[in-house]
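Visitor: As input, take protein_2.pdb (PDB, C-alpha atoms):
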ATOM      1  CA  MET J  22      -6.578-100.108 104.719
ATOM      2  CA  LYS J  23      -8.020-103.327 106.031
ATOM      3  CA  ARG J  24      -6.871-106.276 103.969
ATOM      4  CA  LEU J  25      -9.605-108.577 102.577
ATOM      5  CA  THR J  26      -8.849-112.237 102.124
ATOM      6  CA  LEU J  27     -11.292-113.898  99.742
ATOM      7  CA  ILE J  28     -11.639-117.653  99.634
ATOM      8  CA  PHE J  29     -13.610-119.040  96.756
ATOM      9  CA  CYS J  30     -14.907-122.623  96.682
ATOM     10  CA  ALA J  31     -16.595-124.134  93.628
ATOM     11  CA  LEU J  32     -18.308-127.507  93.412
ATOM     12  CA  ALA J  33     -17.373-129.707  90.486
ATOM     13  CA  LEU J  34     -19.848-129.911  87.632
ATOM     14  CA  LEU J  35     -21.849-133.100  87.614
ATOM     15  CA  LEU J  36     -23.402-134.262  84.389
ATOM     16  CA  LEU J  37     -26.099-136.823  84.913
ATOM     17  CA  GLY J  38     -27.011-138.136  81.499
ATOM     18  CA  GLY J  39     -26.750-136.198  78.298
ATOM     19  CA  CYS J  40     -28.875-133.229  79.236
ATOM     20  CA  ALA J  41     -28.874-133.314  83.043
ATOM     21  CA  PRO J  42     -28.667-129.866  84.659
ATOM     22  CA  TYR J  43     -25.422-128.806  86.422
ATOM     23  CA  VAL J  44     -25.162-127.131  89.823
ATOM     24  CA  ARG J  45     -22.618-124.365  90.511
ATOM     25  CA  GLN J  46     -21.939-122.956  94.003
ATOM     26  CA  THR J  47     -19.482-120.143  94.857
ATOM     27  CA  PRO J  48     -19.677-119.611  98.603
ATOM     28  CA  GLU J  49     -17.497-116.688  99.655
ATOM     29  CA  GLU J  50     -15.860-116.186 103.053
ATOM     30  CA  GLU J  51     -14.490-112.768 103.917
ATOM     31  CA  THR J  52     -11.965-112.122 106.688
ATOM     32  CA  THR J  53     -10.927-108.592 107.651
ATOM     33  CA  LEU J  54      -7.446-108.047 109.070
ATOM     34  CA  ILE J  55      -6.340-104.815 110.732
ATOM     35  CA  THR J  56      -2.919-103.836 109.384
ATOM     36  CA  VAL J  57      -0.363-102.499 111.849
ATOM     37  CA  GLY J  58       3.097-101.195 110.987
ATOM     38  CA  PHE J  59       5.521-101.608 113.900
ATOM     39  CA  SER J  60       8.874 -99.784 113.943
ATOM     40  CA  GLN J  61      11.004-101.409 116.637
ATOM     41  CA  VAL J  62      14.230 -99.892 117.964
ATOM     42  CA  GLY J  63      16.218-103.058 117.368
ATOM     43  CA  ALA J  64      17.196-106.276 119.136
ATOM     44  CA  GLU J  65      19.890-104.885 121.411
ATOM     45  CA  SER J  66      18.794-106.613 124.610
ATOM     46  CA  ASP J  67      16.854-109.513 126.093
ATOM     47  CA  TRP J  68      14.177-106.982 127.056
ATOM     48  CA  ARG J  69      13.811-105.745 123.477
ATOM     49  CA  VAL J  70      13.477-109.272 122.112
ATOM     50  CA  ALA J  71      10.736-110.005 124.661
ATOM     51  CA  ASN J  72       9.006-106.745 123.727
ATOM     52  CA  THR J  73       8.985-107.687 120.038
ATOM     53  CA  GLU J  74       7.658-111.159 120.786
ATOM     54  CA  SER J  75       4.847-109.704 122.894
ATOM     55  CA  MET J  76       3.804-107.502 119.973
ATOM     56  CA  ARG J  77       3.958-110.390 117.496
ATOM     57  CA  GLU J  78       1.808-112.612 119.697
ATOM     58  CA  SER J  79      -0.810-109.945 120.428
ATOM     59  CA  LEU J  80      -1.052-108.586 116.874
ATOM     60  CA  SER J  81      -1.231-111.957 115.171
ATOM     61  CA  GLU J  82      -3.487-113.079 112.339
ATOM     62  CA  GLU J  83      -5.308-115.321 114.804
ATOM     63  CA  ASN J  84      -6.235-112.166 116.710
ATOM     64  CA  GLY J  85      -7.351-110.357 113.558
ATOM     65  CA  PHE J  86      -4.196-108.415 112.651
ATOM     66  CA  GLU J  87      -1.585-108.251 109.945
ATOM     67  CA  LEU J  88       1.674-107.026 111.508
ATOM     68  CA  LEU J  89       4.277-105.354 109.300
ATOM     69  CA  PHE J  90       7.499-105.362 111.354
ATOM     70  CA  ASP J  91      10.610-103.254 110.852
ATOM     71  CA  ASN J  92      13.852-103.488 112.863
ATOM     72  CA  ALA J  93      15.460-100.016 112.954
ATOM     73  CA  ARG J  94      18.799-101.333 114.249
ATOM     74  CA  GLN J  95      18.893 -98.447 116.727
ATOM     75  CA  LYS J  96      18.933 -95.738 114.046
ATOM     76  CA  GLN J  97      16.298 -93.012 113.978
ATOM     77  CA  GLU J  98      16.685 -92.468 110.236
ATOM     78  CA  ASN J  99      15.646 -96.098 109.712
ATOM     79  CA  GLN J 100      12.506 -95.418 111.703
ATOM     80  CA  PHE J 101      11.672 -92.381 109.583
ATOM     81  CA  LYS J 102      11.977 -94.556 106.495
ATOM     82  CA  ALA J 103       9.847 -97.334 108.001
ATOM     83  CA  ILE J 104       7.044 -94.976 109.037
ATOM     84  CA  ARG J 105       6.938 -93.384 105.588
ATOM     85  CA  THR J 106       6.794 -96.852 104.047
ATOM     86  CA  PHE J 107       3.906 -97.772 106.347
ATOM     87  CA  ILE J 108       2.104 -94.605 105.230
ATOM     88  CA  GLN J 109       2.610 -95.551 101.577
ATOM     89  CA  GLN J 110       1.251 -99.015 102.340
ATOM     90  CA  ASP J 111      -1.863 -97.373 103.824
ATOM     91  CA  VAL J 112      -1.742 -99.309 107.094
ATOM     92  CA  ASP J 113      -4.531 -98.850 109.638
ATOM     93  CA  TYR J 114      -2.240 -98.098 112.596
ATOM     94  CA  ILE J 115       1.419 -97.365 113.265
ATOM     95  CA  VAL J 116       3.191 -98.490 116.439
ATOM     96  CA  LEU J 117       6.500 -96.776 117.191
ATOM     97  CA  ALA J 118       9.158 -97.682 119.765
ATOM     98  CA  PRO J 119      11.332 -94.566 119.306
ATOM     99  CA  VAL J 120      15.124 -94.626 119.503
ATOM    100  CA  THR J 121      15.241 -91.188 121.118
ATOM    101  CA  GLU J 122      12.677 -88.647 122.317
ATOM    102  CA  THR J 123      13.276 -85.783 119.882
ATOM    103  CA  GLY J 124      12.991 -85.230 116.134
ATOM    104  CA  TRP J 125       9.611 -86.820 115.439
ATOM    105  CA  GLU J 126       7.381 -83.880 114.507
ATOM    106  CA  SER J 127       7.683 -84.068 110.711
ATOM    107  CA  VAL J 128       7.107 -87.769 110.268
ATOM    108  CA  LEU J 129       4.250 -87.819 112.798
ATOM    109  CA  GLU J 130       2.661 -84.917 110.917
ATOM    110  CA  GLU J 131       2.830 -87.058 107.781
ATOM    111  CA  ALA J 132       1.070 -89.922 109.570
ATOM    112  CA  ARG J 133      -1.647 -87.588 110.822
ATOM    113  CA  ALA J 134      -2.133 -86.151 107.317
ATOM    114  CA  ALA J 135      -2.672 -89.732 106.143
ATOM    115  CA  ASN J 136      -5.218 -90.212 108.950
ATOM    116  CA  ILE J 137      -3.216 -93.055 110.525
ATOM    117  CA  PRO J 138      -3.243 -93.188 114.350
ATOM    118  CA  VAL J 139       0.189 -93.634 115.953
ATOM    119  CA  ILE J 140       0.708 -95.513 119.215
ATOM    120  CA  ILE J 141       4.032 -94.954 121.013
ATOM    121  CA  VAL J 142       5.508 -97.767 123.119
ATOM    122  CA  ASP J 143       8.362 -97.913 125.639
ATOM    123  CA  ARG J 144      10.357 -94.683 125.145
ATOM    124  CA  GLN J 145       8.462 -91.428 124.786
ATOM    125  CA  VAL J 146       8.508 -88.693 122.138
ATOM    126  CA  GLU J 147       8.995 -85.011 122.881
ATOM    127  CA  VAL J 148       6.627 -83.014 120.664
ATOM    128  CA  ASN J 149       4.901 -79.662 121.153
ATOM    129  CA  ASP J 150       1.637 -81.038 119.794
ATOM    130  CA  THR J 151       0.719 -84.190 121.717
ATOM    131  CA  THR J 152      -2.172 -84.878 119.343
ATOM    132  CA  LEU J 153       0.451 -86.165 116.911
ATOM    133  CA  PHE J 154       0.201 -89.518 118.676
ATOM    134  CA  THR J 155      -2.881 -91.296 119.969
ATOM    135  CA  SER J 156      -1.546 -93.137 123.026
ATOM    136  CA  TRP J 157       1.657 -94.108 124.787
ATOM    137  CA  VAL J 158       2.279 -97.416 126.580
ATOM    138  CA  GLY J 159       5.277 -98.046 128.805
ATOM    139  CA  SER J 160       7.016 -97.779 132.158
ATOM    140  CA  ASP J 161       7.270 -94.974 134.675
ATOM    141  CA  PHE J 162      11.054 -94.932 134.323
ATOM    142  CA  ARG J 163      11.670 -92.106 136.775
ATOM    143  CA  LYS J 164       9.461 -93.578 139.501
ATOM    144  CA  THR J 165      11.161 -96.970 139.348
ATOM    145  CA  ALA J 166      14.620 -95.388 139.207
ATOM    146  CA  ASP J 167      13.845 -93.194 142.211
ATOM    147  CA  GLU J 168      12.786 -96.328 144.079
ATOM    148  CA  ALA J 169      16.059 -98.044 143.134
ATOM    149  CA  VAL J 170      18.102 -95.061 144.337
ATOM    150  CA  ALA J 171      16.125 -95.006 147.607
ATOM    151  CA  TRP J 172      16.880 -98.710 148.023
ATOM    152  CA  LEU J 173      20.599 -97.971 147.587
ATOM    153  CA  ALA J 174      20.465 -95.278 150.272
ATOM    154  CA  GLU J 175      18.788 -97.690 152.689
ATOM    155  CA  ALA J 176      21.246-100.473 151.858
ATOM    156  CA  LEU J 177      24.251 -98.221 152.470
ATOM    157  CA  ASP J 178      22.698 -96.973 155.693
ATOM    158  CA  ALA J 179      22.183-100.566 156.886
ATOM    159  CA  ARG J 180      25.874-101.238 156.249
ATOM    160  CA  ALA J 181      26.828 -98.098 158.216
ATOM    161  CA  GLU J 182      28.259 -96.580 155.024
ATOM    162  CA  THR J 183      26.122 -93.448 155.068
ATOM    163  CA  ASP J 184      29.030 -91.129 155.888
ATOM    164  CA  THR J 185      31.628 -93.090 153.947
ATOM    165  CA  ASP J 186      32.605 -91.903 150.487
ATOM    166  CA  VAL J 187      30.710 -94.023 147.963
ATOM    167  CA  GLN J 188      32.089 -94.262 144.439
ATOM    168  CA  ILE J 189      29.443 -95.073 141.825
ATOM    169  CA  LEU J 190      30.159 -96.207 138.276
ATOM    170  CA  HIS J 191      27.225 -95.371 136.017
ATOM    171  CA  LEU J 192      26.513 -97.360 132.826
ATOM    172  CA  GLN J 193      24.119 -95.330 130.682
ATOM    173  CA  GLY J 194      21.842 -96.503 127.891
ATOM    174  CA  THR J 195      21.282 -95.005 124.449
ATOM    175  CA  PRO J 196      21.752 -91.229 124.831
ATOM    176  CA  GLY J 197      18.520 -89.275 124.557
ATOM    177  CA  SER J 198      16.214 -92.255 125.095
ATOM    178  CA  THR J 199      13.560 -91.914 127.786
ATOM    179  CA  ALA J 200      14.937 -94.738 129.907
ATOM    180  CA  GLN J 201      18.431 -93.223 129.803
ATOM    181  CA  LEU J 202      17.270 -89.699 130.592
ATOM    182  CA  GLN J 203      15.063 -90.642 133.519
ATOM    183  CA  ARG J 204      17.242 -93.343 135.055
ATOM    184  CA  SER J 205      20.232 -91.016 134.839
ATOM    185  CA  ALA J 206      18.243 -88.156 136.363
ATOM    186  CA  ALA J 207      17.248 -90.318 139.337
ATOM    187  CA  LEU J 208      20.835 -91.303 140.108
ATOM    188  CA  GLU J 209      22.096 -87.752 139.674
ATOM    189  CA  ALA J 210      19.383 -86.498 142.055
ATOM    190  CA  GLY J 211      20.402 -89.149 144.561
ATOM    191  CA  ALA J 212      24.058 -88.139 144.335
ATOM    192  CA  PHE J 213      23.097 -84.502 144.811
ATOM    193  CA  LYS J 214      21.064 -85.395 147.902
ATOM    194  CA  HIS J 215      23.759 -87.603 149.464
ATOM    195  CA  GLN J 216      26.990 -85.652 149.711
ATOM    196  CA  SER J 217      29.018 -88.817 150.312
ATOM    197  CA  TRP J 218      28.016 -90.225 146.918
ATOM    198  CA  THR J 219      30.275 -89.563 143.944
ATOM    199  CA  ILE J 220      29.462 -90.591 140.389
ATOM    200  CA  ALA J 221      32.980 -91.564 139.432
ATOM    201  CA  ALA J 222      32.181 -91.918 135.716
ATOM    202  CA  GLN J 223      29.269 -92.170 133.295
ATOM    203  CA  LEU J 224      29.966 -94.644 130.519
ATOM    204  CA  ASN J 225      27.841 -95.093 127.403
ATOM    205  CA  GLY J 226      26.926 -98.776 127.222
ATOM    206  CA  ASP J 227      24.177 -98.166 124.634
ATOM    207  CA  PHE J 228      21.985-100.800 126.336
ATOM    208  CA  THR J 229      24.181-103.630 124.983
ATOM    209  CA  GLN J 230      26.307-106.202 126.763
ATOM    210  CA  ALA J 231      29.222-105.911 124.342
ATOM    211  CA  LYS J 232      29.530-102.125 124.603
ATOM    212  CA  ALA J 233      29.171-102.159 128.400
ATOM    213  CA  TYR J 234      31.842-104.837 128.668
ATOM    214  CA  GLU J 235      34.286-102.841 126.543
ATOM    215  CA  GLU J 236      33.658 -99.570 128.394
ATOM    216  CA  THR J 237      33.872-101.171 131.846
ATOM    217  CA  ARG J 238      36.999-103.186 131.022
ATOM    218  CA  ALA J 239      38.771-100.053 129.793
ATOM    219  CA  TYR J 240      37.639 -98.010 132.813
ATOM    220  CA  LEU J 241      38.714-100.584 135.410
ATOM    221  CA  ALA J 242      42.134-100.932 133.776
ATOM    222  CA  ASN J 243      42.975 -97.361 134.807
ATOM    223  CA  ASN J 244      40.716 -96.548 137.769
ATOM    224  CA  PRO J 245      39.915 -97.855 141.261
ATOM    225  CA  VAL J 246      37.168-100.410 141.705
ATOM    226  CA  PRO J 247      33.883 -98.602 142.475
ATOM    227  CA  ASP J 248      31.629 -99.378 145.423
ATOM    228  CA  VAL J 249      28.476 -99.437 143.300
ATOM    229  CA  VAL J 250      27.720 -99.999 139.619
ATOM    230  CA  TYR J 251      24.395 -98.593 138.448
ATOM    231  CA  CYS J 252      23.415-100.182 135.124
ATOM    232  CA  GLU J 253      20.493 -98.795 133.150
ATOM    233  CA  ASN J 254      19.567-102.234 131.815
ATOM    234  CA  ASP J 255      20.302-105.913 132.436
ATOM    235  CA  ASN J 256      22.423-106.551 129.371
ATOM    236  CA  MET J 257      24.827-103.785 130.344
ATOM    237  CA  CYS J 258      25.006-105.344 133.812
ATOM    238  CA  PHE J 259      25.931-108.668 132.218
ATOM    239  CA  GLY J 260      28.756-106.860 130.402
ATOM    240  CA  VAL J 261      29.964-105.338 133.679
ATOM    241  CA  MET J 262      29.904-108.758 135.330
ATOM    242  CA  GLN J 263      31.908-110.212 132.449
ATOM    243  CA  ALA J 264      34.563-107.514 132.800
ATOM    244  CA  MET J 265      34.783-107.944 136.578
ATOM    245  CA  ASP J 266      35.020-111.722 136.259
ATOM    246  CA  GLU J 267      38.014-111.356 133.979
ATOM    247  CA  LEU J 268      39.683-108.949 136.418
ATOM    248  CA  GLY J 269      38.917-111.035 139.485
ATOM    249  CA  ILE J 270      36.686-108.352 141.070
ATOM    250  CA  ALA J 271      34.004-109.601 143.459
ATOM    251  CA  TYR J 272      30.471-108.265 143.041
ATOM    252  CA  GLY J 273      27.067-108.853 144.553
ATOM    253  CA  GLU J 274      27.065-110.124 148.114
ATOM    254  CA  GLY J 275      30.399-109.183 149.676
ATOM    255  CA  GLY J 276      31.609-107.211 146.674
ATOM    256  CA  VAL J 277      30.668-104.337 144.393
ATOM    257  CA  THR J 278      26.964-103.525 144.696
ATOM    258  CA  LEU J 279      25.199-104.082 141.371
ATOM    259  CA  ILE J 280      21.930-102.338 140.496
ATOM    260  CA  THR J 281      20.230-103.093 137.208
ATOM    261  CA  PHE J 282      16.974-102.375 135.369
ATOM    262  CA  ASP J 283      14.594-104.625 133.389
ATOM    263  CA  ALA J 284      14.556-107.777 135.579
ATOM    264  CA  VAL J 285      14.622-110.311 132.760
ATOM    265  CA  HIS J 286      14.827-113.981 133.725
ATOM    266  CA  ARG J 287      18.638-114.198 133.599
ATOM    267  CA  ALA J 288      19.078-111.115 135.787
ATOM    268  CA  LEU J 289      16.586-112.400 138.355
ATOM    269  CA  SER J 290      18.406-115.715 138.418
ATOM    270  CA  TYR J 291      21.704-113.922 139.131
ATOM    271  CA  CYS J 292      19.972-111.867 141.806
ATOM    272  CA  LYS J 293      18.619-115.000 143.490
ATOM    273  CA  ASP J 294      22.183-116.369 143.524
ATOM    274  CA  GLY J 295      23.474-113.186 145.181
ATOM    275  CA  LYS J 296      25.422-111.927 142.149
ATOM    276  CA  ILE J 297      23.175-108.903 141.529
ATOM    277  CA  ASP J 298      21.922-106.877 144.491
ATOM    278  CA  LEU J 299      18.862-105.199 142.972
ATOM    279  CA  CYS J 300      16.766-105.768 139.849
ATOM    280  CA  ALA J 301      14.309-102.963 139.067
ATOM    281  CA  GLU J 302      11.552-104.291 136.840
ATOM    282  CA  CYS J 303      10.682-102.833 133.429
ATOM    283  CA  ASN J 304       7.814-104.799 131.904
ATOM    284  CA  PRO J 305       8.301-105.455 128.146
ATOM    285  CA  LEU J 306       4.893-107.043 127.565
ATOM    286  CA  HIS J 307       3.287-104.128 125.750
ATOM    287  CA  GLY J 308       1.461-106.207 123.150
ATOM    288  CA  PRO J 309      -1.806-106.869 125.021
ATOM    289  CA  ARG J 310      -2.228-103.195 125.919
ATOM    290  CA  VAL J 311      -1.514-102.060 122.340
ATOM    291  CA  ARG J 312      -4.049-104.558 121.039
ATOM    292  CA  ALA J 313      -6.630-103.284 123.543
ATOM    293  CA  ILE J 314      -6.028 -99.674 122.444
ATOM    294  CA  ILE J 315      -6.508-100.567 118.776
ATOM    295  CA  GLU J 316      -9.687-102.463 119.583
ATOM    296  CA  GLN J 317     -10.956 -99.425 121.503
ATOM    297  CA  LEU J 318     -10.268 -97.211 118.502
ATOM    298  CA  GLU J 319     -12.012 -99.690 116.206
ATOM    299  CA  ARG J 320     -15.107 -99.360 118.397
ATOM    300  CA  GLY J 321     -14.926 -95.581 118.183
ATOM    301  CA  GLU J 322     -13.789 -95.183 121.793
ATOM    302  CA  THR J 323     -11.061 -92.899 123.124
ATOM    303  CA  PRO J 324      -8.233 -94.740 124.918
ATOM    304  CA  GLU J 325      -6.138 -93.294 127.732
ATOM    305  CA  LYS J 326      -3.361 -90.997 126.543
ATOM    306  CA  ARG J 327      -0.769 -92.743 128.736
ATOM    307  CA  SER J 328      -0.790 -96.285 130.086
ATOM    308  CA  TYR J 329       1.771 -97.268 132.714
ATOM    309  CA  LEU J 330       2.506-100.926 133.384
ATOM    310  CA  SER J 331       2.835-102.172 136.969
ATOM    311  CA  GLU J 332       6.375-103.007 138.087
ATOM    312  CA  GLN J 333       8.391-103.722 141.231
ATOM    313  CA  LEU J 334      11.861-104.066 142.730
ATOM    314  CA  PHE J 335      13.444-107.479 143.221
ATOM    315  CA  MET J 336      16.047-108.438 145.809
ATOM    316  CA  LYS J 337      17.365-111.909 146.600
ATOM    317  CA  ASP J 338      14.758-112.615 149.280
ATOM    318  CA  ARG J 339      11.875-111.768 146.919
ATOM    319  CA  ILE J 340      12.851-114.216 144.182
ATOM    320  CA  THR J 341      11.532-117.755 144.359
ATOM    321  CA  ASP J 342      11.895-120.747 142.077
ATOM    322  CA  GLU J 343       8.184-120.403 141.305
ATOM    323  CA  LEU J 344       8.718-116.800 140.151
ATOM    324  CA  LEU J 345      11.563-117.811 137.862
ATOM    325  CA  GLU J 346       9.579-120.698 136.412
ATOM    326  CA  SER J 347       6.611-118.437 135.685
ATOM    327  CA  ARG J 348       8.686-115.623 134.160
ATOM    328  CA  ILE J 349       7.996-115.428 130.435
ATOM    329  CA  TYR J 350      10.774-112.942 129.629
TER     330      TYR J 350
END
How does this structure look as structure tokens?
Guide:
Amino acid sequence: MKRLTLIFCALALLLLGGCAPYVRQTPEEETTLITVGFSQVGAESDWRVANTESMRESLSEENGFELLFDNARQKQENQFKAIRTFIQQDVDYIVLAPVTETGWESVLEEARAANIPVIIVDRQVEVNDTTLFTSWVGSDFRKTADEAVAWLAEALDARAETDTDVQILHLQGTPGSTAQLQRSAALEAGAFKHQSWTIAAQLNGDFTQAKAYEETRAYLANNPVPDVVYCENDNMCFGVMQAMDELGIAYGEGGVTLITFDAVHRALSYCKDGKIDLCAECNPLHGPRVRAIIEQLERGETPEKRSYLSEQLFMKDRITDELLESRIY
């Protein structure tokens, strides 16, 4: 329900003489805030932190919202609990950044029974009845990943490595998440298309730097250095770089080709310095679009079912100091 903040102001009583009349004023100001419950995956990466901040800024009290935030710490059961709590609190809207795609039918049915619209952000949900959620906002993960794989093919061709056996180490994100499924599918399709490509191993980095570092360090201790490392987000790439630094393995220009997704400021800076070969952008600034959807619903309008954010690929020659200075994530 919309929260009402009531501010009461009373003037002091003034007695002028023994029987002078008194004046009493009680002006009342009413402010209506739209309550939004937001279940966030966690804070596992620079991208996720930027995504949370975008939501906080857009759904602020200054903009007419009361945001109830819950950090699920990358556990779906925590998100179930948060959504049910939001329902009990009778919020106006629920925003969900799901850990994985499956398993949401029951809790979304509960939200619909409570007449609370649900907006999905970032990762998608796989449900038979798509009316269980109002809108989805995020990236076209497969499109961007296909573009990254096409870039790799062109880069290898330019180096005359088309017919040479190419060993690819694949760092995957949280299993079952949309980004993991679609970025993995793009690389696997590329390997199927190019017979010289071999995915030497698929390691679960869980979208975190620490896990990617541990997995990569253990892999490189017992296996040959790959030609390419395909990381499904920037923080996992940072973990790979940390492991290779410790082992004295060159990467970037003149070394192992590094491909990463998200394109946060730190990754772009490394790319500009020639340490990362390709940064595929994944825009975390979902807040303004979510706010616009809620405002549409408040006006009785029907928003688009899916909203894709514009994104691009970054190589060293596309990154300027001005771009880095203007980057807000």
Visitor: Go through J:Ile140, J:Leu153, J:Val146, J:Ala135 one by one, measure the shortest atom-to-atom distance of each to Ser60 of chain J using all atoms listed in the file, and give the residue with the smallest value.
Guide: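 Of J:Ile140, J:Leu153, J:Val146, J:Ala135, the one nearest Ser60 of chain J is J:Ile140, counting all atoms listed in the file.
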Visitor: Identify which of the residues J:Gly295, J:Gly226, J:Pro324, J:Pro305 lies closest to Val70 of chain J, counting only C-alpha atoms when measuring atom-to-atom distances.
Guide: J:Pro305
Visitor: Excluding segment 276-284 of chain J and residues on its chain fewer than 5 positions from it, collect all residues at most 7 Å away from it, counting only C-alpha atoms, and give them as a compact mmCIF listing (two decimals) with C-alpha atoms, in the coordinates of the input.
Guide:
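Result went into around-v9.txt, see below:
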# COMPACT_ATOMS: atom_id res chain seq x y z
CA TRP J 68 14.18 -106.98 127.06
CA PRO J 247 33.88 -98.60 142.48
CA ASP J 248 31.63 -99.38 145.42
CA VAL J 249 28.48 -99.44 143.30
CA VAL J 250 27.72 -100.00 139.62
CA TYR J 251 24.40 -98.59 138.45
CA CYS J 252 23.42 -100.18 135.12
CA GLU J 253 20.49 -98.80 133.15
CA ASN J 254 19.57 -102.23 131.82
CA ASP J 255 20.30 -105.91 132.44
CA CYS J 258 25.01 -105.34 133.81
CA ALA J 271 34.00 -109.60 143.46
CA LEU J 289 16.59 -112.40 138.35
CA ILE J 297 23.18 -108.90 141.53
CA ASP J 298 21.92 -106.88 144.49
CA LEU J 299 18.86 -105.20 142.97
CA CYS J 300 16.77 -105.77 139.85
CA ALA J 301 14.31 -102.96 139.07
CA GLU J 302 11.55 -104.29 136.84
CA CYS J 303 10.68 -102.83 133.43
CA ASN J 304 7.81 -104.80 131.90
Visitor: Step by step: start from the point (32.0, -98.4, 129.9) in the file's coordinates, keep every protein, DNA or RNA residue that has an atom no farther than 10 Å from it, count all atoms listed in the file, and write the set as JSON, numbers by chain.
Guide: {"J": [190, 191, 192, 193, 222, 223, 224, 225, 226, 227, 231, 232, 233, 234, 235, 236, 237, 238, 239, 240, 241, 257, 260, 261, 264]}
Visitor: Identify which of the residues J:Ile220, J:Leu334, J:Leu208, J:Val112 lies closest to Ala174 of chain J, counting all atoms listed in the file when measuring atom-to-atom distances.
Guide: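 Smallest separation from Ala174 of chain J among the options: J:Leu208.
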Visitor: Out of J:Trp125, J:Phe154, J:Phe162, J:Phe86, which residue has the shortest atom-to-atom distance to Glu332 of chain J when counting all atoms listed in the file?
Guide: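 Closest to Glu332 of chain J of all the choices is J:Phe162.
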Visitor: Excluding segment 318-322 of chain J and residues on its chain fewer than 6 positions from it, collect all residues at most 12 Å away from it, counting only C-alpha atoms, and give them as a PyMOL selection string.
Guide: chain J and resi 23+54-55+85+113-114+137-140+155-156+311-312
Visitor: Hey, which of J:Ile349, J:Leu88, J:Ala200, J:Val170 ends up closest to Val120 of chain J? Count all atoms listed in the file.
Guide: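 Once distances to Val120 of chain J are computed over all atoms listed in the file, the minimum belongs to J:Ala200.
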Visitor: With all atoms listed in the file as the counted atoms, please give the residues lying no more than 6 Å from Arg163 of chain J, apart from itself and same-chain residues fewer than 4 positions off, as a list in words.
Guide: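 The residues satisfying every condition are Asp167, Gln203 and Arg204 of chain J.
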Visitor: How would the residues just chosen look if you wrote them out with C-alpha atoms as a PDB file, in the coordinates of the input?
Guide:
ATOM      1  CA  ASP J 167      13.845 -93.194 142.211  1.00  0.00           C
ATOM      2  CA  GLN J 203      15.063 -90.642 133.519  1.00  0.00           C
ATOM      3  CA  ARG J 204      17.242 -93.343 135.055  1.00  0.00           C
TER       4      ARG J 204
END
Visitor: Just checking: using all atoms listed in the file, which residue out of J:Arg348, J:Arg144, J:Arg339, J:His215 ends up closest to Leu173 of chain J?
Guide: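 Of the candidates, the smallest distance to Leu173 of chain J is held by J:His215.
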Visitor: May I have the protein, DNA and RNA residues with an atom at most 12 Å from (6.3, -89.8, 119.9), counting all atoms listed in the file in the file's coordinates, returned as an MDAnalysis selection string?
Guide: chainID J and resid 60 100:101 115:130 132 138:158 198:199 326:327
Visitor: Could you expand the PyMOL selection byres ((chain J and resi 293) around 10) into the explicit residues it covers here, written as a list in words?
Guide: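 Those residues are Arg287, Ala288, Leu289, Ser290, Tyr291, Cys292, Asp294, Gly295, Lys296, Ile297, Asp298, Leu299, Phe335, Met336, Lys337, Asp338, Arg339, Ile340, Thr341, Asp342 and Leu345 of chain J.
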Visitor: With only C-alpha atoms as the counted atoms, please give the residues lying no more than 7 Å from Tyr329 of chain J, apart from itself and same-chain residues fewer than 3 positions off, as an NGL selection string.
Guide: :J and (158-161)
Visitor: Please, what distance in Å, to one decimal, runs between atom CA of Thr219 of chain J and atom CA of Ser205 of chain J?
Guide: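 Between these atoms lies a distance of 13.6 Å.
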Visitor: Extending 6 Å beyond the listed atoms of segment 172-180 of chain J on each side, what axis-aligned box results? I want centre and edge lengths in Å to one decimal, as AutoDock Vina command-line options.
Guide:
--center_x 21.4 --center_y -98.3 --center_z 152.2 --size_x 21.0 --size_y 18.0 --size_z 21.3
Visitor: Which distance in Å separates atom CA of Gly58 of chain J and atom CA of Ser81 of chain J, to one decimal?
Guide: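 Separation of atom CA of Gly58 of chain J and atom CA of Ser81 of chain J: 12.3 Å.
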Visitor: In Å to one decimal, how far is atom CA of Asp67 of chain J from atom CA of Ala313 of chain J?
Guide: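 Pair atom CA of Ala313 of chain J / atom CA of Asp67 of chain J returns 24.4 Å.
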